[in-house]
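Have a look at input_36.pdb below; it lists PDB, C-alpha atoms.
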ATOM      1  CA  MET A  14       0.000   0.000   0.000  1.00  0.00           C
ATOM      2  CA  THR A  15       1.432   3.368  -1.000  1.00  0.00           C
ATOM      3  CA  ARG A  16       1.385   6.478   1.149  1.00  0.00           C
ATOM      4  CA  ARG A  17      -1.059   8.081  -1.247  1.00  0.00           C
ATOM      5  CA  MET A  18      -3.457   5.186  -0.690  1.00  0.00           C
ATOM      6  CA  VAL A  19      -3.161   5.791   3.048  1.00  0.00           C
ATOM      7  CA  VAL A  20      -3.903   9.480   2.459  1.00  0.00           C
ATOM      8  CA  ALA A  21      -6.985   8.469   0.439  1.00  0.00           C
ATOM      9  CA  MET A  22      -8.161   6.148   3.242  1.00  0.00           C
ATOM     10  CA  LEU A  23      -7.692   8.831   5.884  1.00  0.00           C
ATOM     11  CA  ALA A  24      -9.489  11.374   3.686  1.00  0.00           C
ATOM     12  CA  LEU A  25     -12.370   8.918   3.370  1.00  0.00           C
ATOM     13  CA  ALA A  26     -12.525   8.716   7.164  1.00  0.00           C
ATOM     14  CA  GLY A  27     -12.574  12.529   7.183  1.00  0.00           C
ATOM     15  CA  ILE A  28     -15.505  12.492   4.757  1.00  0.00           C
ATOM     16  CA  PHE A  29     -17.451  10.295   7.168  1.00  0.00           C
ATOM     17  CA  VAL A  30     -16.667  12.498  10.194  1.00  0.00           C
ATOM     18  CA  ALA A  31     -17.519  15.740   8.373  1.00  0.00           C
ATOM     19  CA  THR A  32     -20.694  14.228   6.906  1.00  0.00           C
ATOM     20  CA  TYR A  33     -21.825  13.152  10.367  1.00  0.00           C
ATOM     21  CA  LEU A  34     -21.342  16.698  11.656  1.00  0.00           C
ATOM     22  CA  LEU A  35     -23.056  18.181   8.592  1.00  0.00           C
ATOM     23  CA  LEU A  36     -26.087  15.919   9.013  1.00  0.00           C
ATOM     24  CA  TYR A  37     -26.406  17.192  12.568  1.00  0.00           C
ATOM     25  CA  LYS A  38     -26.027  20.811  11.491  1.00  0.00           C
ATOM     26  CA  LEU A  39     -28.744  20.323   8.845  1.00  0.00           C
ATOM     27  CA  GLY A  40     -31.099  18.854  11.452  1.00  0.00           C
ATOM     28  CA  MET A  41     -31.071  15.348  10.024  1.00  0.00           C
ATOM     29  CA  ILE A  42     -29.651  13.878  13.238  1.00  0.00           C
ATOM     30  CA  GLY A  43     -31.289  14.648  16.586  1.00  0.00           C
ATOM     31  CA  HIS A  44     -28.152  14.864  18.698  1.00  0.00           C
ATOM     32  CA  LEU A  45     -24.475  14.099  18.323  1.00  0.00           C
ATOM     33  CA  SER A  46     -22.924  11.098  19.987  1.00  0.00           C
ATOM     34  CA  CYS A  47     -20.175  12.767  21.966  1.00  0.00           C
ATOM     35  CA  SER A  48     -18.696  10.942  24.932  1.00  0.00           C
ATOM     36  CA  ILE A  49     -15.938  13.509  25.432  1.00  0.00           C
ATOM     37  CA  GLY A  50     -16.489  17.249  25.301  1.00  0.00           C
ATOM     38  CA  SER A  51     -19.509  19.180  24.136  1.00  0.00           C
ATOM     39  CA  CYS A  52     -20.016  18.615  20.420  1.00  0.00           C
ATOM     40  CA  GLU A  53     -23.435  20.227  20.305  1.00  0.00           C
ATOM     41  CA  THR A  54     -22.140  23.415  21.927  1.00  0.00           C
ATOM     42  CA  VAL A  55     -19.409  23.666  19.304  1.00  0.00           C
ATOM     43  CA  ASN A  56     -21.656  22.811  16.375  1.00  0.00           C
ATOM     44  CA  THR A  57     -24.390  25.248  17.343  1.00  0.00           C
ATOM     45  CA  SER A  58     -22.024  28.143  18.058  1.00  0.00           C
ATOM     46  CA  LYS A  59     -21.777  31.185  15.819  1.00  0.00           C
ATOM     47  CA  TRP A  60     -18.384  29.854  14.714  1.00  0.00           C
ATOM     48  CA  ALA A  61     -19.946  26.727  13.149  1.00  0.00           C
ATOM     49  CA  THR A  62     -20.646  28.708   9.963  1.00  0.00           C
ATOM     50  CA  PHE A  63     -17.960  30.024   7.625  1.00  0.00           C
ATOM     51  CA  LEU A  64     -18.728  32.238   4.623  1.00  0.00           C
ATOM     52  CA  GLY A  65     -22.412  31.400   4.912  1.00  0.00           C
ATOM     53  CA  MET A  66     -21.954  27.615   4.922  1.00  0.00           C
ATOM     54  CA  PRO A  67     -21.642  25.172   7.818  1.00  0.00           C
ATOM     55  CA  VAL A  68     -18.000  24.449   8.637  1.00  0.00           C
ATOM     56  CA  ALA A  69     -18.878  20.757   8.331  1.00  0.00           C
ATOM     57  CA  ALA A  70     -19.922  21.322   4.687  1.00  0.00           C
ATOM     58  CA  TRP A  71     -16.520  22.873   4.024  1.00  0.00           C
ATOM     59  CA  GLY A  72     -15.015  19.821   5.691  1.00  0.00           C
ATOM     60  CA  VAL A  73     -16.938  17.412   3.468  1.00  0.00           C
ATOM     61  CA  ALA A  74     -15.901  19.322   0.342  1.00  0.00           C
ATOM     62  CA  PHE A  75     -12.276  19.526   1.497  1.00  0.00           C
ATOM     63  CA  TYR A  76     -12.010  15.824   2.286  1.00  0.00           C
ATOM     64  CA  VAL A  77     -13.728  14.850  -0.986  1.00  0.00           C
ATOM     65  CA  VAL A  78     -11.204  16.896  -2.988  1.00  0.00           C
ATOM     66  CA  LEU A  79      -8.344  15.431  -0.972  1.00  0.00           C
ATOM     67  CA  PHE A  80      -9.711  11.900  -1.409  1.00  0.00           C
ATOM     68  CA  VAL A  81     -10.119  12.272  -5.179  1.00  0.00           C
ATOM     69  CA  LEU A  82      -6.666  13.795  -5.648  1.00  0.00           C
ATOM     70  CA  ALA A  83      -4.995  11.142  -3.481  1.00  0.00           C
ATOM     71  CA  LEU A  84      -6.840   8.379  -5.330  1.00  0.00           C
ATOM     72  CA  VAL A  85      -6.017   9.811  -8.768  1.00  0.00           C
ATOM     73  CA  SER A  86      -2.383  10.217  -7.739  1.00  0.00           C
ATOM     74  CA  THR A  87      -2.089   6.474  -7.150  1.00  0.00           C
ATOM     75  CA  GLY A  88      -2.686   5.829 -10.849  1.00  0.00           C
ATOM     76  CA  GLU A  89       0.181   5.008 -13.171  1.00  0.00           C
ATOM     77  CA  ARG A  90       0.159   8.447 -14.796  1.00  0.00           C
ATOM     78  CA  TYR A  91       0.705  10.335 -11.507  1.00  0.00           C
ATOM     79  CA  ALA A  92       2.364   7.712  -9.290  1.00  0.00           C
ATOM     80  CA  GLU A  93       5.776   9.376  -9.568  1.00  0.00           C
ATOM     81  CA  SER A  94       4.495  12.944  -9.955  1.00  0.00           C
ATOM     82  CA  LYS A  95       6.317  15.438  -7.745  1.00  0.00           C
ATOM     83  CA  GLY A  96       3.681  18.021  -8.700  1.00  0.00           C
ATOM     84  CA  MET A  97       0.844  15.837  -7.403  1.00  0.00           C
ATOM     85  CA  ALA A  98       2.803  15.231  -4.190  1.00  0.00           C
ATOM     86  CA  GLN A  99       3.222  18.989  -3.782  1.00  0.00           C
ATOM     87  CA  ILE A 100      -0.484  19.611  -4.366  1.00  0.00           C
ATOM     88  CA  LEU A 101      -1.357  17.084  -1.665  1.00  0.00           C
ATOM     89  CA  VAL A 102       1.052  18.779   0.772  1.00  0.00           C
ATOM     90  CA  VAL A 103      -0.330  22.259   0.070  1.00  0.00           C
ATOM     91  CA  LEU A 104      -3.911  21.032   0.407  1.00  0.00           C
ATOM     92  CA  ALA A 105      -3.136  19.168   3.636  1.00  0.00           C
ATOM     93  CA  ALA A 106      -1.243  22.185   5.029  1.00  0.00           C
ATOM     94  CA  THR A 107      -4.290  24.344   4.329  1.00  0.00           C
ATOM     95  CA  GLY A 108      -6.406  21.820   6.215  1.00  0.00           C
ATOM     96  CA  VAL A 109      -4.001  21.837   9.164  1.00  0.00           C
ATOM     97  CA  LEU A 110      -4.097  25.640   9.341  1.00  0.00           C
ATOM     98  CA  PHE A 111      -7.903  25.734   9.173  1.00  0.00           C
ATOM     99  CA  SER A 112      -8.183  22.967  11.790  1.00  0.00           C
ATOM    100  CA  GLY A 113      -5.751  24.876  13.979  1.00  0.00           C
ATOM    101  CA  TRP A 114      -7.938  27.963  13.709  1.00  0.00           C
ATOM    102  CA  LEU A 115     -11.050  25.950  14.556  1.00  0.00           C
ATOM    103  CA  THR A 116      -9.313  24.332  17.536  1.00  0.00           C
ATOM    104  CA  TYR A 117      -8.291  27.795  18.748  1.00  0.00           C
ATOM    105  CA  LEU A 118     -11.937  28.889  18.498  1.00  0.00           C
ATOM    106  CA  GLU A 119     -13.083  25.813  20.427  1.00  0.00           C
ATOM    107  CA  LEU A 120     -10.606  26.370  23.232  1.00  0.00           C
ATOM    108  CA  PHE A 121     -10.604  30.155  23.577  1.00  0.00           C
ATOM    109  CA  ARG A 122     -13.876  31.465  22.136  1.00  0.00           C
ATOM    110  CA  ILE A 123     -16.450  28.681  22.469  1.00  0.00           C
ATOM    111  CA  HIS A 124     -14.873  27.113  25.581  1.00  0.00           C
ATOM    112  CA  ALA A 125     -15.953  23.635  24.511  1.00  0.00           C
ATOM    113  CA  ILE A 126     -14.347  20.772  22.624  1.00  0.00           C
ATOM    114  CA  CYS A 127     -15.951  18.494  20.063  1.00  0.00           C
ATOM    115  CA  GLN A 128     -14.423  15.023  19.876  1.00  0.00           C
ATOM    116  CA  TRP A 129     -15.365  14.777  16.187  1.00  0.00           C
ATOM    117  CA  CYS A 130     -13.628  18.065  15.430  1.00  0.00           C
ATOM    118  CA  VAL A 131     -10.536  16.830  17.246  1.00  0.00           C
ATOM    119  CA  THR A 132     -10.737  13.580  15.266  1.00  0.00           C
ATOM    120  CA  SER A 133     -10.824  15.577  12.047  1.00  0.00           C
ATOM    121  CA  ALA A 134      -7.865  17.704  13.188  1.00  0.00           C
ATOM    122  CA  VAL A 135      -5.853  14.574  13.985  1.00  0.00           C
ATOM    123  CA  LEU A 136      -6.756  13.027  10.605  1.00  0.00           C
ATOM    124  CA  ILE A 137      -5.595  16.076   8.661  1.00  0.00           C
ATOM    125  CA  ALA A 138      -2.404  16.335  10.729  1.00  0.00           C
ATOM    126  CA  ILE A 139      -1.564  12.707   9.915  1.00  0.00           C
ATOM    127  CA  ILE A 140      -2.437  13.285   6.257  1.00  0.00           C
ATOM    128  CA  PHE A 141      -0.108  16.291   6.215  1.00  0.00           C
ATOM    129  CA  VAL A 142       2.811  14.355   7.693  1.00  0.00           C
ATOM    130  CA  ILE A 143       2.319  11.428   5.304  1.00  0.00           C
ATOM    131  CA  SER A 144       1.994  13.776   2.322  1.00  0.00           C
ATOM    132  CA  LEU A 145       5.102  15.681   3.358  1.00  0.00           C
ATOM    133  CA  LEU A 146       7.106  12.453   3.655  1.00  0.00           C
ATOM    134  CA  GLU A 147       5.786  11.359   0.272  1.00  0.00           C
ATOM    135  CA  MET A 148       6.767  14.652  -1.345  1.00  0.00           C
ATOM    136  CA  ARG A 149      10.259  14.568   0.146  1.00  0.00           C
ATOM    137  CA  GLU A 150      10.834  11.064  -1.231  1.00  0.00           C
ATOM    138  CA  THR A 151       9.339  11.672  -4.667  1.00  0.00           C
ATOM    139  CA  PRO A 152      12.190  12.449  -7.071  1.00  0.00           C
ATOM    140  CA  ALA A 153      11.975  15.607  -9.154  1.00  0.00           C
ATOM    141  CA  VAL A 154      11.637  14.868 -12.862  1.00  0.00           C
ATOM    142  CA  VAL A 155      14.219  16.733 -14.913  1.00  0.00           C
TER
END
Let me see the structure of the file written as structure tokens.
Amino acid sequence: MTRRMVVAMLALAGIFVATYLLLYKLGMIGHLSCSIGSCETVNTSKWATFLGMPVAAWGVAFYVVLFVLALVSTGERYAESKGMAQILVVLAATGVLFSGWLTYLELFRIHAICQWCVTSAVLIAIIFVISLLEMRETPAVV
């Protein structure tokens, strides 16, 4: 299994987490299963919307793009592509920064933690590290 396949699998897990949170935000789930923290407090706060859309919707879209790119990059055409490795790193870095911002909001503005948000932050951090390692080991084509 290649690192890009692992990135795709982790992105798929991110899709499931973000979809779960989005279904709650859209009122399709009565309450969130949250054994640690206060997921409902976080997901009903004013910070749970970004540019007019639920943060969870942004998460679903982000993870879908990441999943598709990681999956496509496992194909023969892109398997050795330094450019594709760089795109995955930049995308994952963007996710880490956004997750960092959201974690800051949880801790210092909302004063509540959502275990699903933390799960997503951990997933994107792992994806970033794996993508960075992949990029560093992918030879540049001259």
- Distance atom CA of Ala105 of chain A-atom CA of Ile140 of chain A, one decimal place? 6.5 Å
- Query: Can you list, as a VMD selection string, the residues that the PyMOL selection byres ((chain A and resi 55) around 7) selects here?
  - Reply: chain A and resid 51 to 54 56 to 58 61 119 123 125 to 127
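Taking all atoms listed in the file, the non-local environment of Leu36 of chain A within 12 Å (same-chain residues fewer than 3 positions away omitted) comprises A:Ile28, A:Phe29, A:Val30, A:Ala31, A:Thr32, A:Tyr33, A:Leu39, A:Gly40, A:Met41, A:Ile42, A:Gly43, A:His44, A:Leu45, A:Asn56, A:Pro67, A:Val68, A:Ala69, A:Ala70, A:Val73.
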- Message: With all atoms listed in the file as the counted atoms, please give the residues lying no more than 10 Å from Leu145 of chain A, apart from itself and same-chain residues fewer than 3 positions off, as a ChimeraX atom specification.
- Response: /A:98-99,101-103,105-106,139-142,148-151
- Please evaluate the PyMOL selection byres ((chain A and resi 72) around 12) against the structure above and give the resulting residues as JSON, numbers by chain. {"A": [24, 25, 26, 27, 28, 29, 30, 31, 32, 33, 34, 35, 61, 62, 63, 66, 67, 68, 69, 70, 71, 73, 74, 75, 76, 77, 78, 79, 80, 107, 108, 109, 111, 112, 115, 129, 130, 133, 134, 136, 137]}
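Atom CA of Cys47 of chain A sits 26.1 Å away from atom CA of Leu64 of chain A.
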Give me the box for segment 22-39 of chain A as JSON, namely the centre and edge lengths in Å to one decimal of a box along x, y and z that holds every listed atom plus 6 Å on each side.
{"center_x": -18.2, "center_y": 13.5, "center_z": 7.9, "size_x": 33.1, "size_y": 26.7, "size_z": 21.3}
If the PyMOL selection byres ((chain A and resi 97) around 12) were run on this exact file, what residues would it hold? Put them as a PDB file with C-alpha atoms, in the coordinates of the input.
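Printed below is expr-v9.pdb as written:
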ATOM      1  CA  ARG A  17      -1.059   8.081  -1.247  1.00  0.00           C
ATOM      2  CA  LEU A  79      -8.344  15.431  -0.972  1.00  0.00           C
ATOM      3  CA  VAL A  81     -10.119  12.272  -5.179  1.00  0.00           C
ATOM      4  CA  LEU A  82      -6.666  13.795  -5.648  1.00  0.00           C
ATOM      5  CA  ALA A  83      -4.995  11.142  -3.481  1.00  0.00           C
ATOM      6  CA  LEU A  84      -6.840   8.379  -5.330  1.00  0.00           C
ATOM      7  CA  VAL A  85      -6.017   9.811  -8.768  1.00  0.00           C
ATOM      8  CA  SER A  86      -2.383  10.217  -7.739  1.00  0.00           C
ATOM      9  CA  THR A  87      -2.089   6.474  -7.150  1.00  0.00           C
ATOM     10  CA  GLY A  88      -2.686   5.829 -10.849  1.00  0.00           C
ATOM     11  CA  ARG A  90       0.159   8.447 -14.796  1.00  0.00           C
ATOM     12  CA  TYR A  91       0.705  10.335 -11.507  1.00  0.00           C
ATOM     13  CA  ALA A  92       2.364   7.712  -9.290  1.00  0.00           C
ATOM     14  CA  GLU A  93       5.776   9.376  -9.568  1.00  0.00           C
ATOM     15  CA  SER A  94       4.495  12.944  -9.955  1.00  0.00           C
ATOM     16  CA  LYS A  95       6.317  15.438  -7.745  1.00  0.00           C
ATOM     17  CA  GLY A  96       3.681  18.021  -8.700  1.00  0.00           C
ATOM     18  CA  ALA A  98       2.803  15.231  -4.190  1.00  0.00           C
ATOM     19  CA  GLN A  99       3.222  18.989  -3.782  1.00  0.00           C
ATOM     20  CA  ILE A 100      -0.484  19.611  -4.366  1.00  0.00           C
ATOM     21  CA  LEU A 101      -1.357  17.084  -1.665  1.00  0.00           C
ATOM     22  CA  VAL A 102       1.052  18.779   0.772  1.00  0.00           C
ATOM     23  CA  VAL A 103      -0.330  22.259   0.070  1.00  0.00           C
ATOM     24  CA  LEU A 104      -3.911  21.032   0.407  1.00  0.00           C
ATOM     25  CA  SER A 144       1.994  13.776   2.322  1.00  0.00           C
ATOM     26  CA  LEU A 145       5.102  15.681   3.358  1.00  0.00           C
ATOM     27  CA  GLU A 147       5.786  11.359   0.272  1.00  0.00           C
ATOM     28  CA  MET A 148       6.767  14.652  -1.345  1.00  0.00           C
ATOM     29  CA  THR A 151       9.339  11.672  -4.667  1.00  0.00           C
ATOM     30  CA  PRO A 152      12.190  12.449  -7.071  1.00  0.00           C
ATOM     31  CA  ALA A 153      11.975  15.607  -9.154  1.00  0.00           C
TER      32      ALA A 153
END
- Message: Just to confirm, what's the straight-line distance from atom CA of Gly50 of chain A to atom CA of Ala138 of chain A in Å (one decimal)?
- Response: 20.3 Å
- Using only C-alpha atoms: which of A:Ile143, A:Gly113, A:Gly65, A:Trp60 has the shortest distance to Met22 of chain A: A:Ile143
